[in-house]
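Each remark here refers to the structure printed beneath this line.
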Amino acid sequence: MATLDSLKEALKQKAKATASSPKQPLSDTQYSAGFDILVRGSGWMTYQGFIIPQLSQLLAPLFNSRIHISALEIGTGPKSLLGYLPGRLRRKVRKYTAFEPNGLFATRLEEWLCSTSETESPLPCLENPPNIHPIPFVLPYIIGSGTSTGTRENDEKYDIILFCHSMYGMKPKHRFIERALEMLVEWPQGGMVAVFHRDGALHLDGLACHRTASFPTGVVSVANDDEVLDCFAPFIAGFIMQDVDVDKAIRVDWRKVCRALGRREKDQPGQLLFSSPNVMAAFTQHATTLPELMAQVPSVKGDKTVKNREARLHRPASIIRPTEVRHVQQCIRWALKHGVGLAVVGGGHSGHCLWPNVVSVDMGAFDQVHILTAGDGGDSGSDSGSLVVAEAGCKTGDIVRKTMAAGVTVPLGARPSVGAGLWLQGGIGHLARLHGLACDAIVGAVMVSVDSSQVLCIGCVPSQHRPAGAVRPENESDLLWAMKGAGTNFGIVISVTFKSYAAPTYLTRNWVVPLSDNLEARLRLSDFDKLIARKLHWNCSADAYLYWEAGQLYLGVTMFESSATRFTSVTPTPTPVDAIWGPQDDFKAVDGVSLFETEMYVSRMHGGHGGGKTSSFKRCLFLKRIGEANVADRLVAAVETRPSPLCYLHLLQGGGAVGDVAADATAFGCRDWDFACVITGVWPRDQDGTEAARSAVQWVYNVTGDLLSLCSGAYGADLGPDPRDAALAAKAFGPNRPRLARLKHRLDPGNVLAYACPLPKAPMEQKLIILVTGKSCAGKDYCADVWVSVFIRCTHKSLTARAVSISDAIKREYAAATGADLSRLLWDRAYKEQHRPALTTFFQGQARQRPRLPEEHFLNVVYGAVDVDVLLITGMRDEAPVAALSHLVPDSRLLEVQVQASERTRRIRRGCYGGDSDGDDNKDSNNSGSNLTALNYRPSLIFDNNTTGNEAAKRFTEHSLLPFVNEDLQRLANMVRQLPDFPRPGIEFRHVLGISQQPGGLALCTSLLQTHFTGDWAKVNAVACCEVGGFVYASALALRVDVPLVPIREAGKLPPPTVSVIKPLSHISSLASNNSKEKRIEMEREVVPRGASVVVVDDVLSTGETLCAVLQLLDEAGIGTEDVSIMVVAEFPVHRGRELLRQRGFGRINIQSLLVFGGA
Ligand SMILES: Cc1cc2nc3c(=O)[nH]c(=O)nc-3n(C[C@H](O)[C@H](O)[C@H](O)COP(=O)(O)OP(=O)(O)OC[C@H]3O[C@@H](n4cnc5c(N)ncnc54)[C@H](O)[C@@H]3O)c2cc1C
């Protein structure tokens, strides 16, 4: 399929060749008409499938970390892209500016943003009207006196700046990005410039991006209609002709060009299709820090040619070539410091070793192979007794050659130029049936952590090959496990230790069988599978090739027999094949190095490797029983649909030692297969980047799609972010996906290796944030440390936990402003006491200037601990912190645990410490009441810390805190179905009531409500609930705890006497309904005696309006707030329901929610 870029070139060429008239730019109306055609139909799919999800994913952390967002969009078109983000992100945008030079678009954009129709405005929380400049965004030095864009003059700053398909006319592009970077808010950092660009390449020299992604499958469809093409073609070409007659004539020609290049598909009659690949690149203020790295580490001068065609098309920000381990560490430190990803070049055979605008680390200088004979390196576990240490820049050929000279070998792959990516991701070769995969031979590795930048020694690394300062990681066994099959994802590998085997010699024999038709093809494949391959001993393997040549379909078979002793006989012993197909066409006795040249696709097929000047694209699936009709038929059909005569299927035999390893014993995971089927798209190298290349790649994906349902797994090597890889990635790694996901999350929390084989995302389990509050010397830090230790040791779940003091943030700022010694401020009590008055004054001054300071500090602490499951924060000063802060971390559960100790205990502790503080700065805290009555709100939990020792604190964790990380809560959360755009676009509806429709859902939910209640059910007199959601859970719970149910209904539905109050509509009802905004609710007057203890149960807490009305009603009925508790199934903190309850005087009521959800 021709790309829009090639269409543009062809249209321009046509105009150049045929028209003499000068060109003129399109009018706003002409441009608008062309644009509308572009984004209509399948063009919109690019927005839905790529742009909007990528943008949402990219911006969510930034938006969640800010209270308000200011946005600048450049070249918006008629609608703001931000208007398509999920509702909770859109509502954060408070300031919006746009540059849109097309006057029509600018007007339409303004109307759209200011719409006051029934549907919510796309950016509903703007504090001022949108500021839309109907002019282009230009660089300051271009701004003439009369064409000011205002960009320099008022120096506006933004959190996000967006270029969506608007960089085409901007030259040089990197200058525009640099200008935009200057316009990002300087503090807090983290603002972003995001660019979406059509047609692949986006060369932004010298800038390192924070993230990049591509969407090669974008397609634009255009109606094959004169009128439509007459609008579309000038839009793509970018001009019309001044002379009316010439213009008319060129449009006729342009229609022909469109029709010649546009692809027609049966399922889209009347449409012309053009490929429209898209890329995204996002930059932060750190984008210009490349010189910092280049000053420390050597780089590759000029262009580096890698083997892979796809990678060659990517222009990296730079290719760094470390020559020492510390250089690799410097690369990682730089990447971590600036929040950017890195790619790594091994043998350069994958499409992921170079990425546009990303720094690549070329390991080529680490090219040594060391062979350690028995005794040099301890127990090797190999049959030769020798170990082989191969550095990460070695190629397969280097290792095979060097080891062979020492009489040993390592099972690797079939091509000599392939590098570390092979053994780190699997490694299927001719010795696999005898010795296993290449990764199975790994016994140790040296790796630089992408989390800490430490050099790690994993497993068996002979002492002479351990770099100075290398440490053994805590999770060494996990890492060694991961290295065997997913080793490109967790760190930059410096070297690998292999066990080795005696170097064999090989006898290779080839058969080439012409196939007269599909039936014969199927029969021959069946014979090959059942009568030949399955009968072979483990030291033999048989590879098959299905290919066409000169109009004839062939089955090629190579049999490899390995032997530790030399093959001497001139005539090989007969094989089962001889009886079926006759003697082989040729045979050879070769060593491991010469073996590379005997491969059938190198030596025989297609004139020997397509004449040598070809490019290829491969994907690999694992198949069983290839001789069965259903599999064989599909294989034969697959080669029949090849788009180029050079495409073929290669079937490499597995089984034997490969299948002997348990699927979960190594990360590789896919073990149960007879053949690895490599679907190989090949085209002449001089057709790289053309339609021929694209068709071959698409053929590979079509075939994999067709075979997917039959396969027992997919090879993870070289899968990437291409959406067409997603289905394959889901089949890679067998049962190991969840473990790998968790490891990736732990070991590469910053996603430094963002471009390695994509592992599944760890299911986003909720973080638990515990605010540890209380008076000075109550023992908050001590308790927090004990609780952390219990979480970490928790046996039923592997958890990470950390305690952080929020006051450290202000100490840091104070130290930076005054020159005080930060480490002494943090750790030296006397020094801190000396600075305390100045520190307090500094804090008060900062708080006056930055009213949102507490929120900023809170968010800094939370985002500084993204890697932990449980975060404990000490040193909070805020009153009712859960109500005040939970909306800032809507995806996390926030609890406040107040540590209490008597005055006497605290005095003693103060004495023990020899000072008057236990180490926090919370002396003046508002929540310093010695008991609950002194507080005008209620903490989530209270811990009585009067006893000495840590036993009580441990028991408290087990009894009161661990239930929040219980699997049952996760199970309950998984039962809540999510529906996008319901009841309105932009709302992500969570069907909390739907829990009751799931098998066991109601029982699980009521049991959790019962056990999570922090009060005493024996003292509860009634369970109250308001229709409708509350009824379902409250009645089941009331039955379970044997307490009467008090239903609250709409006025008029209950028998008198009743009490009633007005209730506004709930959040979702108000979105869904056009009815009046409020109604009355009531309950029977005498049904609960005055002073009774009541638990109110509801399905959802969002805005809190319903619960406020219920509490008012209970109050009317004589039930005081001190006798009421609230339990809800799900809470949506973004709506700040707790805060509303507090403002309405119900802050002292205990509110517990089983689940917490971000979103609406
Ligand atoms: C012609 C050809 C023949 C092949 N033959 C076989 C075969 O016989 N058997 C088989 O199993 N596979 C085979 N493959 C697939 C091959 O294993 C993968 O393409 C593999 O990823 C290539 O590794 P590389 O180092 O050459 O490529 P690269 O593109 O340099 O690296 C591949 C991946 O590994 C990562 N990586 C490389 N070095 C490191 C490091 N030191 N630390 C961390 N990550 C690193 C890269 O970032 C990249 O993501 C073949 C591929 C081709 C193109």
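Quick note on naming: the chains in the structure tokens go A, B, ... in the order shown, residues restart at 1 in each chain, and ligands are numbered from 1 in order of appearance.
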Quick one: contact table of chain A to ligand 1, 6 Å max, nearest atom pair and distance in Å to one decimal per residue, counting only C-alpha atoms and all ligand atoms, chain and number order, as CSV?
residue,atom,partner,partner_atom_place_in_ligand_line,distance
A:Ala343,CA,ligand 1,47 (O),5.1
A:Val344,CA,ligand 1,47 (O),3.7
A:Val345,CA,ligand 1,30 (O),3.8
A:Gly346,CA,ligand 1,30 (O),3.3
A:Gly347,CA,ligand 1,26 (O),3.2
A:Gly348,CA,ligand 1,30 (O),3.3
A:His349,CA,ligand 1,27 (O),3.8
A:Ser350,CA,ligand 1,29 (O),3.4
A:Gly351,CA,ligand 1,29 (O),5.9
A:His352,CA,ligand 1,49 (O),5.0
A:Cys353,CA,ligand 1,29 (O),4.3
A:Ala392,CA,ligand 1,41 (N),4.6
A:Gly413,CA,ligand 1,8 (O),3.5
A:Ala414,CA,ligand 1,8 (O),3.7
A:Arg415,CA,ligand 1,3 (C),5.2
A:Val418,CA,ligand 1,26 (O),3.8
A:Gly419,CA,ligand 1,25 (O),3.4
A:Ala420,CA,ligand 1,25 (O),4.1
A:Gly421,CA,ligand 1,23 (O),3.2
A:Leu422,CA,ligand 1,17 (O),3.4
A:Gly426,CA,ligand 1,11 (O),5.7
A:Gly427,CA,ligand 1,11 (O),3.3
A:Ile428,CA,ligand 1,11 (O),3.7
A:Gly429,CA,ligand 1,8 (O),5.2
A:Thr488,CA,ligand 1,44 (N),3.7
A:Gly491,CA,ligand 1,43 (C),5.9
A:Ile492,CA,ligand 1,42 (N),3.8
A:Val493,CA,ligand 1,42 (N),3.8
A:Ile494,CA,ligand 1,41 (N),5.6
A:Ala717,CA,ligand 1,21 (O),5.1
A:Asp718,CA,ligand 1,21 (O),5.2
A:Ala756,CA,ligand 1,49 (O),4.1
Exercise for review: Report the residues of stretch 186-330 of chain A whose backbone DSSP state falls under helix (DSSP H, G or I), written as a PyMOL selection string.
Suggested key: chain A and resi 226-237+244-261+285-288+290-294+309-312+325-330
Point to revise | Nearest residue to A:Arg671 from the set A:Thr641, A:Ser789, A:Ser712, A:Ser563 (distances using only C-alpha atoms) | key: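 Ranked by minimum distance to A:Arg671, first place goes to A:Ser712.
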Review point. Looking at only C-alpha atoms, which of A:Thr3, A:Leu434, A:Leu1111, A:Gly393 is the one that sits closest to A:Asp660?
Key: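 The shortest atom-to-atom distance to A:Asp660 comes from A:Leu434.
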Write out as a tab-separated table a residue-level contact list of stretch 24-126 of chain A versus stretch 219-240 of chain A with cut-off 8 Å: for each qualifying residue the closest pair of atoms and the distance in Å to one decimal, counting only C-alpha atoms, rows sorted by chain and residue number upward.
residue	atom	partner	partner_atom	distance
A:Gln24	CA	A:Ile240	CA	5.5
A:Pro25	CA	A:Phe239	CA	4.7
A:Leu26	CA	A:Phe239	CA	5.5
A:Gln30	CA	A:Cys231	CA	6.9
A:Tyr31	CA	A:Phe235	CA	5.9
A:Ala33	CA	A:Cys231	CA	6.3
A:Gly34	CA	A:Phe232	CA	4.8
A:Phe35	CA	A:Phe235	CA	7.2
A:Ile37	CA	A:Phe232	CA	6.7
A:Leu38	CA	A:Val220	CA	6.5
A:Val39	CA	A:Val220	CA	7.7
A:Gly41	CA	A:Ser221	CA	6.9
A:Ser42	CA	A:Val220	CA	5.5
A:Gly43	CA	A:Val220	CA	4.6
A:Met45	CA	A:Val219	CA	8.0
A:Thr46	CA	A:Val219	CA	7.4
Need to verify the contact set: stretch 214-218 of chain A, 7 Å, only C-alpha atoms, exclusion of same-chain residues closer than 3 positions in sequence. Can you return it as a PDB file with all heavy atoms, in the first residue's frame?
ATOM      1  N   THR A  46      -6.723   5.903  13.400  1.00  0.00           N
ATOM      2  CA  THR A  46      -5.394   6.218  13.931  1.00  0.00           C
ATOM      3  C   THR A  46      -5.523   6.992  15.242  1.00  0.00           C
ATOM      4  O   THR A  46      -4.756   6.802  16.175  1.00  0.00           O
ATOM      5  CB  THR A  46      -4.597   7.046  12.899  1.00  0.00           C
ATOM      6  OG1 THR A  46      -4.509   6.270  11.711  1.00  0.00           O
ATOM      7  CG2 THR A  46      -3.206   7.394  13.379  1.00  0.00           C
ATOM      8  N   PHE A  50      -4.309   4.780  18.231  1.00  0.00           N
ATOM      9  CA  PHE A  50      -2.934   5.152  18.564  1.00  0.00           C
ATOM     10  C   PHE A  50      -2.855   6.476  19.327  1.00  0.00           C
ATOM     11  O   PHE A  50      -2.444   6.514  20.488  1.00  0.00           O
ATOM     12  CB  PHE A  50      -2.111   5.229  17.269  1.00  0.00           C
ATOM     13  CG  PHE A  50      -0.689   5.653  17.467  1.00  0.00           C
ATOM     14  CD1 PHE A  50       0.185   4.851  18.187  1.00  0.00           C
ATOM     15  CD2 PHE A  50      -0.209   6.836  16.928  1.00  0.00           C
ATOM     16  CE1 PHE A  50       1.511   5.233  18.381  1.00  0.00           C
ATOM     17  CE2 PHE A  50       1.111   7.223  17.118  1.00  0.00           C
ATOM     18  CZ  PHE A  50       1.967   6.422  17.845  1.00  0.00           C
ATOM     19  N   SER A 275      -1.405   3.962   3.059  1.00  0.00           N
ATOM     20  CA  SER A 275      -0.812   3.688   4.360  1.00  0.00           C
ATOM     21  C   SER A 275      -0.388   5.019   4.995  1.00  0.00           C
ATOM     22  O   SER A 275       0.133   5.904   4.310  1.00  0.00           O
ATOM     23  CB  SER A 275       0.375   2.752   4.140  1.00  0.00           C
ATOM     24  OG  SER A 275       1.309   2.937   5.115  1.00  0.00           O
ATOM     25  N   SER A 276      -0.650   5.137   6.295  1.00  0.00           N
ATOM     26  CA  SER A 276      -0.324   6.380   6.972  1.00  0.00           C
ATOM     27  C   SER A 276       0.285   6.087   8.336  1.00  0.00           C
ATOM     28  O   SER A 276      -0.346   6.260   9.375  1.00  0.00           O
ATOM     29  CB  SER A 276      -1.607   7.217   7.115  1.00  0.00           C
ATOM     30  OG  SER A 276      -1.388   8.312   7.936  1.00  0.00           O
ATOM     31  N   PRO A 277       1.546   5.590   8.335  1.00  0.00           N
ATOM     32  CA  PRO A 277       2.172   5.291   9.627  1.00  0.00           C
ATOM     33  C   PRO A 277       2.327   6.557  10.454  1.00  0.00           C
ATOM     34  O   PRO A 277       2.538   7.640   9.900  1.00  0.00           O
ATOM     35  CB  PRO A 277       3.545   4.714   9.237  1.00  0.00           C
ATOM     36  CG  PRO A 277       3.760   5.057   7.819  1.00  0.00           C
ATOM     37  CD  PRO A 277       2.441   5.360   7.197  1.00  0.00           C
ATOM     38  N   ASN A 278       2.178   6.414  11.753  1.00  0.00           N
ATOM     39  CA  ASN A 278       2.295   7.562  12.653  1.00  0.00           C
ATOM     40  C   ASN A 278       3.362   7.290  13.700  1.00  0.00           C
ATOM     41  O   ASN A 278       3.574   6.129  14.065  1.00  0.00           O
ATOM     42  CB  ASN A 278       0.967   7.802  13.378  1.00  0.00           C
ATOM     43  CG  ASN A 278       0.067   8.771  12.630  1.00  0.00           C
ATOM     44  OD1 ASN A 278      -0.221   9.847  13.103  1.00  0.00           O
ATOM     45  ND2 ASN A 278      -0.377   8.391  11.426  1.00  0.00           N
ATOM     46  N   VAL A 279       3.995   8.336  14.172  1.00  0.00           N
ATOM     47  CA  VAL A 279       4.916   8.182  15.300  1.00  0.00           C
ATOM     48  C   VAL A 279       4.563   9.200  16.378  1.00  0.00           C
ATOM     49  O   VAL A 279       3.966  10.235  16.090  1.00  0.00           O
ATOM     50  CB  VAL A 279       6.403   8.390  14.910  1.00  0.00           C
ATOM     51  CG1 VAL A 279       6.911   7.274  14.047  1.00  0.00           C
ATOM     52  CG2 VAL A 279       6.612   9.734  14.233  1.00  0.00           C
ATOM     53  N   MET A 280       4.932   8.851  17.598  1.00  0.00           N
ATOM     54  CA  MET A 280       4.783   9.792  18.703  1.00  0.00           C
ATOM     55  C   MET A 280       6.145   9.976  19.352  1.00  0.00           C
ATOM     56  O   MET A 280       6.886   9.005  19.497  1.00  0.00           O
ATOM     57  CB  MET A 280       3.821   9.231  19.750  1.00  0.00           C
ATOM     58  CG  MET A 280       3.485  10.222  20.805  1.00  0.00           C
ATOM     59  SD  MET A 280       3.623   9.773  22.540  1.00  0.00           S
ATOM     60  CE  MET A 280       4.724   8.525  22.817  1.00  0.00           C
ATOM     61  N   ASP A 722       4.874  -2.729  17.662  1.00  0.00           N
ATOM     62  CA  ASP A 722       3.941  -2.758  16.536  1.00  0.00           C
ATOM     63  C   ASP A 722       2.659  -3.456  16.998  1.00  0.00           C
ATOM     64  O   ASP A 722       2.711  -4.560  17.540  1.00  0.00           O
ATOM     65  CB  ASP A 722       4.587  -3.553  15.387  1.00  0.00           C
ATOM     66  CG  ASP A 722       3.769  -3.488  14.107  1.00  0.00           C
ATOM     67  OD1 ASP A 722       2.534  -3.598  14.209  1.00  0.00           O
ATOM     68  OD2 ASP A 722       4.354  -3.333  13.029  1.00  0.00           O
TER      69      ASP A 722
END
Practice item. Write down as a PyMOL selection string the residues belonging to stretch 240-375 of chain A that are assigned strand (DSSP E) by DSSP computed on the backbone. Key: chain A and resi 240-241+271-275+278-283+318-320+342-345+359-362+369-372
Exercise for review: Could you give me, as an MDAnalysis selection string, the residues within 12 Å of A:His327, counting only C-alpha atoms and dropping anything in the same chain fewer than 2 positions from it?
Suggested key: chainID A and resid 293:299 320:325 329:334 361:363 365:366 448 453:455 492 494
Please, could you write that set of residues out with C-alpha atoms as a PDB file, in the first residue's frame?
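So the final result, stored in selection.pdb, reads:
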ATOM      1  CA  LEU A 293      26.395  12.010  28.330  1.00  0.00           C
ATOM      2  CA  MET A 294      28.545  12.499  25.245  1.00  0.00           C
ATOM      3  CA  ALA A 295      31.149  14.240  27.394  1.00  0.00           C
ATOM      4  CA  GLN A 296      31.485  11.129  29.567  1.00  0.00           C
ATOM      5  CA  VAL A 297      31.172   8.173  27.208  1.00  0.00           C
ATOM      6  CA  PRO A 298      32.610   7.500  23.728  1.00  0.00           C
ATOM      7  CA  SER A 299      30.149   7.543  20.889  1.00  0.00           C
ATOM      8  CA  ILE A 320      27.069   5.529  22.483  1.00  0.00           C
ATOM      9  CA  ARG A 321      29.849   2.955  22.404  1.00  0.00           C
ATOM     10  CA  PRO A 322      31.005   2.188  25.925  1.00  0.00           C
ATOM     11  CA  THR A 323      34.395   0.592  26.244  1.00  0.00           C
ATOM     12  CA  GLU A 324      34.298   0.049  29.997  1.00  0.00           C
ATOM     13  CA  VAL A 325      31.637  -1.119  32.399  1.00  0.00           C
ATOM     14  CA  GLN A 329      26.736   2.710  34.288  1.00  0.00           C
ATOM     15  CA  GLN A 330      27.063   6.337  33.215  1.00  0.00           C
ATOM     16  CA  CYS A 331      24.562   5.763  30.409  1.00  0.00           C
ATOM     17  CA  ILE A 332      22.076   4.288  32.849  1.00  0.00           C
ATOM     18  CA  ARG A 333      22.571   7.018  35.420  1.00  0.00           C
ATOM     19  CA  TRP A 334      22.029   9.615  32.730  1.00  0.00           C
ATOM     20  CA  VAL A 361      24.155   1.743  23.662  1.00  0.00           C
ATOM     21  CA  ASP A 362      26.314  -0.239  21.238  1.00  0.00           C
ATOM     22  CA  MET A 363      28.012  -3.086  23.121  1.00  0.00           C
ATOM     23  CA  ALA A 365      33.519  -3.028  22.212  1.00  0.00           C
ATOM     24  CA  PHE A 366      32.765  -5.878  24.628  1.00  0.00           C
ATOM     25  CA  VAL A 448      24.263  -3.315  35.011  1.00  0.00           C
ATOM     26  CA  SER A 453      23.078   1.367  37.941  1.00  0.00           C
ATOM     27  CA  GLN A 454      25.004  -1.074  40.128  1.00  0.00           C
ATOM     28  CA  VAL A 455      27.051  -3.804  38.481  1.00  0.00           C
ATOM     29  CA  ILE A 492      22.276  -4.034  30.226  1.00  0.00           C
ATOM     30  CA  ILE A 494      27.925  -7.053  30.026  1.00  0.00           C
TER      31      ILE A 494
END
Quick one: residues within 9 Å of stretch 723-729 of chain A, only C-alpha atoms counted, chain neighbours fewer than 2 positions away excluded, as a CSV table (one decimal) with N, CA, C and O atoms, in the first residue's frame?
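Contents of the output file out_25.csv:
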chain,number,residue,atom,x,y,z
A,214,SER,N,5.4,4.0,17.8
A,214,SER,CA,5.0,4.1,16.4
A,214,SER,C,3.8,3.3,16.1
A,214,SER,O,3.4,2.4,16.9
A,215,PHE,N,3.2,3.6,15.1
A,215,PHE,CA,1.9,3.0,14.7
A,215,PHE,C,2.0,2.8,13.2
A,215,PHE,O,1.5,3.6,12.3
A,216,PRO,N,2.7,1.7,12.8
A,216,PRO,CA,3.0,1.5,11.4
A,216,PRO,C,1.7,1.1,10.6
A,216,PRO,O,1.8,1.1,9.3
A,217,THR,N,0.6,0.8,11.2
A,217,THR,CA,-0.5,0.2,10.5
A,217,THR,C,-1.6,1.3,10.2
A,217,THR,O,-2.7,0.9,9.8
A,619,ARG,N,8.8,-13.6,11.9
A,619,ARG,CA,8.2,-13.8,13.2
A,619,ARG,C,8.1,-15.4,13.3
A,619,ARG,O,8.1,-16.1,12.3
A,620,CYS,N,8.1,-15.8,14.6
A,620,CYS,CA,8.3,-17.3,14.8
A,620,CYS,C,7.2,-17.8,15.8
A,620,CYS,O,7.0,-17.2,16.8
A,621,LEU,N,6.5,-18.8,15.3
A,621,LEU,CA,5.5,-19.5,16.2
A,621,LEU,C,5.9,-20.9,16.4
A,621,LEU,O,6.6,-21.5,15.6
A,701,TYR,N,2.7,-11.1,9.0
A,701,TYR,CA,1.7,-10.9,10.0
A,701,TYR,C,0.4,-11.6,9.6
A,701,TYR,O,-0.2,-12.2,10.5
A,704,THR,N,1.1,-15.3,10.4
A,704,THR,CA,1.1,-15.6,11.9
A,704,THR,C,-0.3,-15.5,12.4
A,704,THR,O,-0.7,-16.3,13.3
A,705,GLY,N,-1.1,-14.5,11.9
A,705,GLY,CA,-2.5,-14.4,12.4
A,705,GLY,C,-3.3,-15.7,12.1
A,705,GLY,O,-4.1,-16.1,12.9
A,708,LEU,N,-2.1,-18.6,14.4
A,708,LEU,CA,-2.0,-18.3,15.8
A,708,LEU,C,-2.9,-19.3,16.6
A,708,LEU,O,-2.5,-19.8,17.7
A,713,GLY,N,2.7,-21.5,21.1
A,713,GLY,CA,3.4,-20.4,21.7
A,713,GLY,C,4.1,-19.6,20.6
A,713,GLY,O,4.0,-19.9,19.4
A,714,ALA,N,4.7,-18.4,21.0
A,714,ALA,CA,5.3,-17.6,20.0
A,714,ALA,C,6.7,-17.2,20.6
A,714,ALA,O,6.9,-17.1,21.8
A,715,TYR,N,7.7,-17.0,19.7
A,715,TYR,CA,9.1,-16.7,20.1
A,715,TYR,C,9.0,-15.2,20.5
A,715,TYR,O,8.7,-14.4,19.6
A,716,GLY,N,9.5,-14.9,21.7
A,716,GLY,CA,9.4,-13.4,22.1
A,716,GLY,C,10.4,-12.6,21.4
A,716,GLY,O,10.3,-11.4,21.3
A,719,LEU,N,9.8,-9.3,19.1
A,719,LEU,CA,8.5,-8.7,19.1
A,719,LEU,C,8.7,-7.2,19.6
A,719,LEU,O,9.6,-7.0,20.4
A,720,GLY,N,7.9,-6.4,19.1
A,720,GLY,CA,8.0,-5.0,19.5
A,720,GLY,C,6.7,-4.3,19.7
A,720,GLY,O,5.7,-5.0,19.8
A,721,PRO,N,6.7,-3.0,19.7
A,721,PRO,CA,5.5,-2.2,20.0
A,721,PRO,C,4.5,-2.2,18.8
A,721,PRO,O,3.4,-1.6,19.0
A,731,LYS,N,1.2,-14.6,23.4
A,731,LYS,CA,1.5,-16.1,23.3
A,731,LYS,C,2.9,-16.4,23.7
A,731,LYS,O,3.3,-17.6,23.7
A,732,ALA,N,3.8,-15.4,23.9
A,732,ALA,CA,5.2,-15.6,24.3
A,732,ALA,C,5.3,-15.8,25.8
A,732,ALA,O,4.4,-15.5,26.5
A,733,PHE,N,6.3,-16.5,26.2
A,733,PHE,CA,6.7,-16.7,27.6
A,733,PHE,C,5.8,-17.7,28.4
A,733,PHE,O,5.9,-17.8,29.6
A,757,CYS,N,11.8,-6.4,24.1
A,757,CYS,CA,10.6,-7.2,23.8
A,757,CYS,C,9.5,-6.8,24.8
A,757,CYS,O,9.8,-6.9,26.0
A,758,PRO,N,8.4,-6.4,24.4
A,758,PRO,CA,7.4,-5.9,25.4
A,758,PRO,C,6.8,-7.0,26.3
A,758,PRO,O,6.3,-8.0,25.8
A,759,LEU,N,7.0,-6.8,27.5
A,759,LEU,CA,6.4,-7.8,28.5
A,759,LEU,C,5.1,-7.2,28.9
A,759,LEU,O,4.8,-6.0,28.8
A,760,PRO,N,4.2,-8.1,29.4
A,760,PRO,CA,2.9,-7.6,29.8
A,760,PRO,C,3.1,-6.6,31.0
A,760,PRO,O,4.1,-6.7,31.7
Point to revise | Contacts of A:Tyr168 within 10 Å, only C-alpha atoms, excl. fewer than 6 positions in-chain, as a list of chain:residue names | key: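 Listed by chain and then number, they are A:His197, A:Arg198, A:Leu202.
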Practice item. Could you give me, as a count of residues only, the residues within 12 Å of stretch 509-514 of chain A, counting only C-alpha atoms and dropping anything in the same chain fewer than 6 positions from it? Key: 55
Check your understanding: Can you tell me how far atom CA of A:Pro837 sits from atom CA of A:Ser823, in Å to one decimal?
Key -> 18.0 Å
**Study point:** Of the listed residues A:Asp944, A:Leu1155, A:Phe498, A:Pro53, that which approaches A:Asp968 most closely, counting only C-alpha atoms
**Key:** A:Leu1155
